>>> print(open('entry.cif').read())   # mmCIF, C-alpha atoms
data_work
#
loop_
_atom_site.label_atom_id
_atom_site.label_comp_id
_atom_site.auth_asym_id
_atom_site.auth_seq_id
_atom_site.Cartn_x
_atom_site.Cartn_y
_atom_site.Cartn_z
CA MET A 1 -12.51 16.96 -17.49
CA ARG A 2 -8.85 17.24 -16.55
CA ILE A 3 -7.92 14.30 -14.34
CA ILE A 4 -4.50 13.91 -12.70
CA ILE A 5 -3.38 10.30 -12.25
CA ALA A 6 -0.44 9.73 -9.90
CA GLY A 7 1.40 6.55 -10.77
CA GLY A 8 0.54 7.15 -14.41
CA HIS A 9 2.53 4.20 -15.77
CA GLY A 10 0.83 1.63 -13.56
CA LYS A 11 -1.40 -1.04 -15.07
CA ILE A 12 -4.62 0.43 -13.70
CA ALA A 13 -3.54 3.98 -14.52
CA LEU A 14 -2.82 3.18 -18.17
CA ARG A 15 -6.21 1.52 -18.55
CA LEU A 16 -7.87 4.52 -16.95
CA ALA A 17 -5.92 6.97 -19.13
CA ALA A 18 -7.08 5.11 -22.24
CA ARG A 19 -10.70 5.64 -21.12
CA LEU A 20 -10.17 9.32 -20.32
CA GLY A 21 -8.04 10.16 -23.35
CA SER A 22 -6.76 13.71 -23.66
CA GLY A 23 -8.42 14.71 -20.40
CA ALA A 24 -6.01 12.56 -18.39
CA VAL A 25 -2.59 13.67 -17.14
CA GLY A 26 -0.40 10.79 -15.97
CA LEU A 27 2.37 11.59 -13.51
CA VAL A 28 5.42 9.37 -14.08
CA ARG A 29 8.73 9.14 -12.27
CA ASN A 30 10.72 7.76 -15.18
CA PRO A 31 10.96 9.87 -18.38
CA ALA A 32 11.17 6.61 -20.34
CA HIS A 33 7.52 5.98 -19.45
CA VAL A 34 6.19 9.15 -21.07
CA ALA A 35 5.67 7.48 -24.45
CA ASP A 36 3.57 4.68 -22.95
CA VAL A 37 1.26 7.18 -21.26
CA GLU A 38 0.96 9.31 -24.39
CA ALA A 39 0.15 6.20 -26.43
CA THR A 40 -3.15 5.99 -24.51
CA GLY A 41 -4.10 9.46 -25.75
CA ALA A 42 -3.35 11.04 -22.37
CA GLN A 43 -0.77 13.64 -21.46
CA ALA A 44 2.29 12.77 -19.37
CA VAL A 45 4.17 14.86 -16.81
CA VAL A 46 7.44 13.76 -15.23
CA CYS A 47 7.12 14.16 -11.47
CA ASP A 48 8.81 11.96 -8.87
CA LEU A 49 6.48 12.06 -5.87
CA GLU A 50 9.24 10.71 -3.64
CA ARG A 51 11.37 13.78 -4.38
CA ALA A 52 8.92 16.55 -5.34
CA ASP A 53 7.81 19.23 -2.91
CA VAL A 54 4.25 20.36 -2.39
CA GLU A 55 4.70 23.55 -4.41
CA GLU A 56 5.74 21.59 -7.52
CA VAL A 57 2.84 19.17 -7.22
CA THR A 58 0.38 21.99 -6.53
CA ARG A 59 1.37 23.66 -9.79
CA ILE A 60 0.71 20.43 -11.67
CA VAL A 61 -2.72 19.72 -10.18
CA ARG A 62 -4.03 23.30 -10.23
CA GLY A 63 -7.08 23.55 -12.48
CA ALA A 64 -7.81 19.81 -12.42
CA ASP A 65 -11.30 18.45 -11.86
CA ALA A 66 -10.08 15.47 -9.87
CA VAL A 67 -6.95 13.72 -8.66
CA ILE A 68 -6.48 9.96 -8.55
CA PHE A 69 -3.78 8.34 -6.45
CA ALA A 70 -2.88 5.15 -8.32
CA ALA A 71 0.79 5.06 -7.36
CA GLY A 72 2.52 2.20 -5.59
CA ALA A 73 6.04 1.10 -4.85
CA GLY A 74 5.39 -2.09 -6.81
CA PRO A 75 6.71 -5.65 -6.61
CA GLY A 76 10.29 -6.03 -5.50
CA SER A 77 10.38 -2.83 -3.48
CA GLY A 78 11.30 -2.99 0.18
CA ALA A 79 9.44 -1.89 3.27
CA ALA A 80 10.93 1.62 3.21
CA ARG A 81 9.46 2.43 -0.21
CA LYS A 82 6.05 1.16 0.83
CA ASP A 83 6.06 4.11 3.22
CA THR A 84 7.57 6.72 0.90
CA VAL A 85 5.25 5.85 -2.02
CA ASP A 86 2.09 4.20 -0.72
CA ARG A 87 1.74 6.56 2.24
CA ALA A 88 3.89 9.68 1.87
CA ALA A 89 3.21 10.25 -1.82
CA SER A 90 -0.53 10.04 -1.19
CA VAL A 91 -0.23 12.58 1.62
CA LEU A 92 1.80 14.88 -0.65
CA LEU A 93 -0.77 14.64 -3.44
CA ALA A 94 -3.62 15.33 -1.03
CA ASP A 95 -1.77 18.36 0.36
CA ALA A 96 -1.29 19.66 -3.18
CA ALA A 97 -4.93 19.07 -4.10
CA GLU A 98 -6.09 21.05 -1.08
CA ARG A 99 -3.72 23.91 -1.87
CA ALA A 100 -4.84 23.95 -5.50
CA GLY A 101 -8.53 23.84 -4.60
CA VAL A 102 -9.12 20.47 -6.26
CA ARG A 103 -11.74 18.78 -4.09
CA ARG A 104 -12.31 15.40 -5.76
CA PHE A 105 -9.69 12.84 -4.72
CA ILE A 106 -9.88 9.10 -5.39
CA GLN A 107 -7.36 6.88 -3.66
CA ILE A 108 -6.69 3.32 -4.81
CA SER A 109 -5.94 1.41 -1.63
CA SER A 110 -6.11 -2.33 -1.00
CA MET A 111 -8.33 -4.88 0.67
CA GLY A 112 -6.76 -5.57 4.02
CA ALA A 113 -6.12 -1.91 4.73
CA GLY A 114 -7.79 -0.55 7.83
CA ARG A 115 -6.78 -3.54 9.90
CA PRO A 116 -3.46 -4.48 11.51
CA PRO A 117 -1.36 -6.92 9.46
CA ALA A 118 -2.00 -10.51 10.46
CA PRO A 119 0.51 -11.92 12.96
CA GLY A 120 3.41 -13.54 11.15
CA SER A 121 2.85 -11.52 7.96
CA ASP A 122 5.79 -10.96 5.65
CA GLU A 123 7.62 -7.77 6.63
CA VAL A 124 7.13 -6.08 3.27
CA TRP A 125 3.44 -7.01 3.10
CA ALA A 126 2.94 -5.68 6.63
CA ALA A 127 4.66 -2.43 5.66
CA TYR A 128 2.43 -2.16 2.58
CA ILE A 129 -0.81 -2.64 4.51
CA THR A 130 0.36 -0.25 7.22
CA ALA A 131 1.22 2.39 4.61
CA LYS A 132 -2.16 2.02 2.87
CA THR A 133 -3.97 2.23 6.21
CA GLU A 134 -2.14 5.40 7.21
CA ALA A 135 -2.78 6.97 3.79
CA GLU A 136 -6.49 6.25 4.21
CA GLU A 137 -6.51 7.73 7.70
CA ASP A 138 -4.83 10.88 6.40
CA LEU A 139 -7.57 11.36 3.79
CA ARG A 140 -10.38 10.87 6.28
CA ARG A 141 -9.05 13.76 8.36
CA ARG A 142 -9.31 16.19 5.42
CA ASP A 143 -12.53 18.17 5.37
CA GLY A 144 -11.39 20.05 2.26
CA LEU A 145 -11.44 16.99 0.00
CA ALA A 146 -14.35 15.02 -1.43
CA TRP A 147 -12.42 11.79 -1.18
CA THR A 148 -13.34 8.22 -2.07
CA ILE A 149 -11.17 5.29 -1.04
CA LEU A 150 -11.34 2.23 -3.29
CA ARG A 151 -9.99 -1.08 -1.98
CA PRO A 152 -9.71 -3.63 -4.81
CA GLY A 153 -9.16 -7.29 -4.13
CA ARG A 154 -6.40 -9.33 -5.79
CA LEU A 155 -5.71 -7.71 -9.16
CA THR A 156 -5.62 -9.71 -12.39
CA ASP A 157 -4.93 -8.93 -16.04
CA GLU A 158 -7.93 -10.93 -17.28
CA PRO A 159 -10.35 -9.07 -19.55
CA GLY A 160 -12.88 -7.03 -17.64
CA THR A 161 -16.47 -8.23 -17.40
CA GLY A 162 -18.10 -5.03 -16.17
CA LEU A 163 -19.63 -7.09 -13.36
CA VAL A 164 -18.55 -6.20 -9.86
CA ARG A 165 -19.33 -6.39 -6.18
CA LEU A 166 -18.76 -3.00 -4.56
CA ALA A 167 -19.65 -2.19 -0.96
CA PRO A 168 -18.07 -0.97 2.28
CA GLU A 169 -17.15 -4.59 2.99
CA VAL A 170 -17.08 -7.57 0.63
CA PRO A 171 -15.66 -11.10 0.90
CA PRO A 172 -12.07 -11.54 -0.32
CA GLY A 173 -11.73 -12.10 -4.03
CA SER A 174 -10.10 -10.94 -7.23
CA VAL A 175 -10.95 -8.31 -9.82
CA PRO A 176 -9.55 -7.52 -13.29
CA ARG A 177 -7.69 -4.25 -13.58
CA ASP A 178 -10.02 -3.38 -16.47
CA ASP A 179 -12.95 -3.41 -14.06
CA VAL A 180 -11.08 -1.34 -11.50
CA ALA A 181 -10.59 1.32 -14.16
CA ALA A 182 -14.29 1.14 -15.05
CA VAL A 183 -15.27 1.62 -11.42
CA ILE A 184 -12.97 4.62 -11.07
CA MET A 185 -14.66 6.17 -14.09
CA ALA A 186 -18.00 5.59 -12.38
CA LEU A 187 -16.76 7.17 -9.16
CA LEU A 188 -15.61 10.25 -11.08
CA GLU A 189 -19.08 10.58 -12.59
CA ASN A 190 -20.88 10.09 -9.28
CA PRO A 191 -20.13 12.74 -6.62
CA GLY A 192 -22.47 10.92 -4.27
CA THR A 193 -19.69 8.41 -3.59
CA ALA A 194 -17.57 11.05 -1.82
CA ARG A 195 -16.40 10.33 1.73
CA ARG A 196 -16.94 6.60 1.32
CA THR A 197 -14.60 3.63 1.58
CA LEU A 198 -15.56 0.87 -0.85
CA GLU A 199 -14.17 -2.63 -1.36
CA LEU A 200 -14.22 -4.12 -4.85
CA VAL A 201 -14.15 -7.64 -6.27
CA SER A 202 -15.72 -9.31 -9.26
CA GLY A 203 -19.43 -9.93 -8.87
CA ASP A 204 -22.72 -9.96 -10.73
CA THR A 205 -23.78 -6.30 -10.77
CA PRO A 206 -22.94 -4.21 -13.85
CA VAL A 207 -20.92 -1.14 -12.96
CA ILE A 208 -23.44 1.08 -14.76
CA ASP A 209 -26.31 -0.36 -12.69
CA TRP A 210 -24.42 0.14 -9.47
CA VAL A 211 -23.84 3.79 -10.31
CA ALA A 212 -27.52 4.27 -11.14
CA THR A 213 -28.56 3.09 -7.68
CA GLU A 214 -26.15 5.30 -5.74
#
>>> encode(input="entry.cif", output="structure tokens")
Amino acid sequence: MRIIIAGGHGKIALRLAARLGSGAVGLVRNPAHVADVEATGAQAVVCDLERADVEEVTRIVRGADAVIFAAGAGPGSGAARKDTVDRAASVLLADAAERAGVRRFIQISSMGAGRPPAPGSDEVWAAYITAKTEAEEDLRRRDGLAWTILRPGRLTDEPGTGLVRLAPEVPPGSVPRDDVAAVIMALLENPGTARRTLELVSGDTPVIDWVATE
């Protein structure tokens, strides 16, 4: 498979690229990050989704089997970039996927999306949740995409266990990035998860068993 990963230098994206190997294409904004992506065995393409137009992105994704939106403005970014990356870049990638005829689209969102920010929330956090919510809403309006929205809980760098809790709604919790990557692999292999929104935290069900029951 040829899988496009937006936000290719992110911690989840690099773990996913290592699983996919040469079939993965990581999109990176900074040319200095190309070597890190290629070290996983994946390919790297420099593409700044905050500056690119839909024609450029369409050319990149054409011929792919799936597109994964794993990009994010990241810690230290302000409210404005939560919108331009976490929302607008997802919309751009979805537009390009539709134009290119790539139906499978997996969006990494966040637990808390889909609901208004809690009163008194930090301004940047509120902007982040709002951007993720609007990016989700954009996907749900697209009949041309077989989308899946994945909402992980608090992300950690602990070793993955392969044991998760994955459902339309789960209690708040944390999950290793390793296990998020494993779940994305399972979603890619299971077209029956299309048009679903799933929350993810650590649990007691092996990822492989969850996939077998879907």
>>> residues_around(input="entry.cif", residues="Val34 (chain A)", least_positions_apart="6", cutoff="12 Å", atoms="all atoms listed in the file", output="PyMOL selection string")
chain A and resi 7-10+14+25-28+40-47
>>> closest_residue(input="entry.cif", among="A:Ser121, A:Thr161, A:Ser174, A:Thr84", to="Ile208 (chain A)", atoms="all atoms listed in the file")
A:Thr161
>>> closest_residue(input="entry.cif", among="A:Leu163, A:Leu145, A:Ala24, A:Ala113", to="Asp179 (chain A)", atoms="all atoms listed in the file")
A:Leu163
>>> residues_near_point(input="entry.cif", point="(-19.0, 8.3, -13.0)", cutoff="12 Å", atoms="all atoms listed in the file", output="list in words")
Met1, Arg19, Leu20, Ala66, Ile106, Ala181, Ala182, Val183, Ile184, Met185, Ala186, Leu187, Leu188, Glu189, Asn190, Pro191, Gly192, Thr193, Ala194, Val207, Ile208, Asp209, Trp210, Val211, Ala212 and Glu214 of chain A
>>> closest_residue(input="entry.cif", among="A:Gly101, A:Pro75, A:Pro206, A:Gly21", to="Gly144 (chain A)", atoms="only C-alpha atoms")
A:Gly101
>>> atom_distance(input="entry.cif", atom1="CA of Asp95 (chain A)", atom2="CA of Ala126 (chain A)")
25.3 Å
>>> build_atoms(input="entry.cif", residues="region 147-180 of chain A", atoms="N, CA and C atoms", output="PDB file, keeping the file's coordinate frame")
ATOM      1  N   TRP A 147     -13.220  12.967  -0.896  1.00  0.00           N
ATOM      2  CA  TRP A 147     -12.420  11.790  -1.180  1.00  0.00           C
ATOM      3  C   TRP A 147     -13.293  10.540  -1.288  1.00  0.00           C
ATOM      4  N   THR A 148     -12.811   9.580  -2.060  1.00  0.00           N
ATOM      5  CA  THR A 148     -13.340   8.220  -2.070  1.00  0.00           C
ATOM      6  C   THR A 148     -12.152   7.274  -2.026  1.00  0.00           C
ATOM      7  N   ILE A 149     -12.223   6.303  -1.154  1.00  0.00           N
ATOM      8  CA  ILE A 149     -11.170   5.290  -1.040  1.00  0.00           C
ATOM      9  C   ILE A 149     -11.692   3.996  -1.653  1.00  0.00           C
ATOM     10  N   LEU A 150     -10.958   3.466  -2.607  1.00  0.00           N
ATOM     11  CA  LEU A 150     -11.340   2.230  -3.290  1.00  0.00           C
ATOM     12  C   LEU A 150     -10.332   1.144  -2.935  1.00  0.00           C
ATOM     13  N   ARG A 151     -10.839   0.044  -2.388  1.00  0.00           N
ATOM     14  CA  ARG A 151      -9.990  -1.080  -1.980  1.00  0.00           C
ATOM     15  C   ARG A 151     -10.259  -2.287  -2.877  1.00  0.00           C
ATOM     16  N   PRO A 152      -9.503  -2.443  -3.964  1.00  0.00           N
ATOM     17  CA  PRO A 152      -9.710  -3.630  -4.810  1.00  0.00           C
ATOM     18  C   PRO A 152      -9.164  -4.879  -4.127  1.00  0.00           C
ATOM     19  N   GLY A 153      -9.717  -6.019  -4.544  1.00  0.00           N
ATOM     20  CA  GLY A 153      -9.160  -7.290  -4.130  1.00  0.00           C
ATOM     21  C   GLY A 153      -7.920  -7.627  -4.957  1.00  0.00           C
ATOM     22  N   ARG A 154      -7.588  -8.909  -5.039  1.00  0.00           N
ATOM     23  CA  ARG A 154      -6.400  -9.330  -5.790  1.00  0.00           C
ATOM     24  C   ARG A 154      -6.586  -8.948  -7.259  1.00  0.00           C
ATOM     25  N   LEU A 155      -5.610  -8.244  -7.806  1.00  0.00           N
ATOM     26  CA  LEU A 155      -5.710  -7.710  -9.160  1.00  0.00           C
ATOM     27  C   LEU A 155      -5.260  -8.733 -10.188  1.00  0.00           C
ATOM     28  N   THR A 156      -5.992  -8.814 -11.304  1.00  0.00           N
ATOM     29  CA  THR A 156      -5.620  -9.710 -12.390  1.00  0.00           C
ATOM     30  C   THR A 156      -5.596  -8.930 -13.699  1.00  0.00           C
ATOM     31  N   ASP A 157      -4.972  -9.524 -14.700  1.00  0.00           N
ATOM     32  CA  ASP A 157      -4.930  -8.930 -16.040  1.00  0.00           C
ATOM     33  C   ASP A 157      -5.928  -9.581 -16.977  1.00  0.00           C
ATOM     34  N   GLU A 158      -6.888 -10.331 -16.446  1.00  0.00           N
ATOM     35  CA  GLU A 158      -7.930 -10.930 -17.280  1.00  0.00           C
ATOM     36  C   GLU A 158      -8.811  -9.823 -17.866  1.00  0.00           C
ATOM     37  N   PRO A 159      -9.440 -10.076 -18.989  1.00  0.00           N
ATOM     38  CA  PRO A 159     -10.350  -9.070 -19.550  1.00  0.00           C
ATOM     39  C   PRO A 159     -11.457  -8.712 -18.560  1.00  0.00           C
ATOM     40  N   GLY A 160     -11.812  -7.451 -18.537  1.00  0.00           N
ATOM     41  CA  GLY A 160     -12.880  -7.030 -17.640  1.00  0.00           C
ATOM     42  C   GLY A 160     -14.224  -7.573 -18.093  1.00  0.00           C
ATOM     43  N   THR A 161     -15.117  -7.755 -17.119  1.00  0.00           N
ATOM     44  CA  THR A 161     -16.470  -8.230 -17.400  1.00  0.00           C
ATOM     45  C   THR A 161     -17.508  -7.130 -17.211  1.00  0.00           C
ATOM     46  N   GLY A 162     -17.132  -6.060 -16.498  1.00  0.00           N
ATOM     47  CA  GLY A 162     -18.100  -5.030 -16.170  1.00  0.00           C
ATOM     48  C   GLY A 162     -19.024  -5.419 -15.039  1.00  0.00           C
ATOM     49  N   LEU A 163     -18.795  -6.590 -14.453  1.00  0.00           N
ATOM     50  CA  LEU A 163     -19.630  -7.090 -13.360  1.00  0.00           C
ATOM     51  C   LEU A 163     -18.824  -7.085 -12.077  1.00  0.00           C
ATOM     52  N   VAL A 164     -19.339  -6.396 -11.071  1.00  0.00           N
ATOM     53  CA  VAL A 164     -18.550  -6.200  -9.860  1.00  0.00           C
ATOM     54  C   VAL A 164     -19.402  -6.379  -8.608  1.00  0.00           C
ATOM     55  N   ARG A 165     -18.712  -6.479  -7.502  1.00  0.00           N
ATOM     56  CA  ARG A 165     -19.330  -6.390  -6.180  1.00  0.00           C
ATOM     57  C   ARG A 165     -18.619  -5.254  -5.461  1.00  0.00           C
ATOM     58  N   LEU A 166     -19.345  -4.237  -5.082  1.00  0.00           N
ATOM     59  CA  LEU A 166     -18.760  -3.000  -4.560  1.00  0.00           C
ATOM     60  C   LEU A 166     -19.582  -2.568  -3.355  1.00  0.00           C
ATOM     61  N   ALA A 167     -18.943  -2.526  -2.200  1.00  0.00           N
ATOM     62  CA  ALA A 167     -19.650  -2.190  -0.960  1.00  0.00           C
ATOM     63  C   ALA A 167     -18.613  -1.828   0.091  1.00  0.00           C
ATOM     64  N   PRO A 168     -19.038  -1.282   1.222  1.00  0.00           N
ATOM     65  CA  PRO A 168     -18.070  -0.970   2.280  1.00  0.00           C
ATOM     66  C   PRO A 168     -17.280  -2.183   2.749  1.00  0.00           C
ATOM     67  N   GLU A 169     -17.870  -3.359   2.635  1.00  0.00           N
ATOM     68  CA  GLU A 169     -17.150  -4.590   2.990  1.00  0.00           C
ATOM     69  C   GLU A 169     -17.653  -5.721   2.108  1.00  0.00           C
ATOM     70  N   VAL A 170     -16.728  -6.436   1.468  1.00  0.00           N
ATOM     71  CA  VAL A 170     -17.080  -7.570   0.630  1.00  0.00           C
ATOM     72  C   VAL A 170     -16.155  -8.729   0.978  1.00  0.00           C
ATOM     73  N   PRO A 171     -16.544  -9.961   0.658  1.00  0.00           N
ATOM     74  CA  PRO A 171     -15.660 -11.100   0.900  1.00  0.00           C
ATOM     75  C   PRO A 171     -14.398 -10.975   0.047  1.00  0.00           C
ATOM     76  N   PRO A 172     -13.294 -11.575   0.488  1.00  0.00           N
ATOM     77  CA  PRO A 172     -12.070 -11.540  -0.320  1.00  0.00           C
ATOM     78  C   PRO A 172     -12.312 -12.145  -1.697  1.00  0.00           C
ATOM     79  N   GLY A 173     -11.596 -11.600  -2.674  1.00  0.00           N
ATOM     80  CA  GLY A 173     -11.730 -12.100  -4.030  1.00  0.00           C
ATOM     81  C   GLY A 173     -10.795 -11.360  -4.951  1.00  0.00           C
ATOM     82  N   SER A 174     -10.945 -11.582  -6.226  1.00  0.00           N
ATOM     83  CA  SER A 174     -10.100 -10.940  -7.230  1.00  0.00           C
ATOM     84  C   SER A 174     -10.935 -10.040  -8.111  1.00  0.00           C
ATOM     85  N   VAL A 175     -10.251  -9.203  -8.891  1.00  0.00           N
ATOM     86  CA  VAL A 175     -10.950  -8.310  -9.820  1.00  0.00           C
ATOM     87  C   VAL A 175      -9.978  -7.932 -10.937  1.00  0.00           C
ATOM     88  N   PRO A 176     -10.427  -7.954 -12.201  1.00  0.00           N
ATOM     89  CA  PRO A 176      -9.550  -7.520 -13.290  1.00  0.00           C
ATOM     90  C   PRO A 176      -9.243  -6.023 -13.186  1.00  0.00           C
ATOM     91  N   ARG A 177      -8.051  -5.673 -13.569  1.00  0.00           N
ATOM     92  CA  ARG A 177      -7.690  -4.250 -13.580  1.00  0.00           C
ATOM     93  C   ARG A 177      -8.602  -3.453 -14.504  1.00  0.00           C
ATOM     94  N   ASP A 178      -9.069  -4.063 -15.583  1.00  0.00           N
ATOM     95  CA  ASP A 178     -10.020  -3.380 -16.470  1.00  0.00           C
ATOM     96  C   ASP A 178     -11.243  -2.915 -15.694  1.00  0.00           C
ATOM     97  N   ASP A 179     -11.740  -3.764 -14.810  1.00  0.00           N
ATOM     98  CA  ASP A 179     -12.950  -3.410 -14.060  1.00  0.00           C
ATOM     99  C   ASP A 179     -12.657  -2.384 -12.983  1.00  0.00           C
ATOM    100  N   VAL A 180     -11.451  -2.392 -12.442  1.00  0.00           N
ATOM    101  CA  VAL A 180     -11.080  -1.340 -11.500  1.00  0.00           C
ATOM    102  C   VAL A 180     -11.120   0.016 -12.199  1.00  0.00           C
TER     103      VAL A 180
END
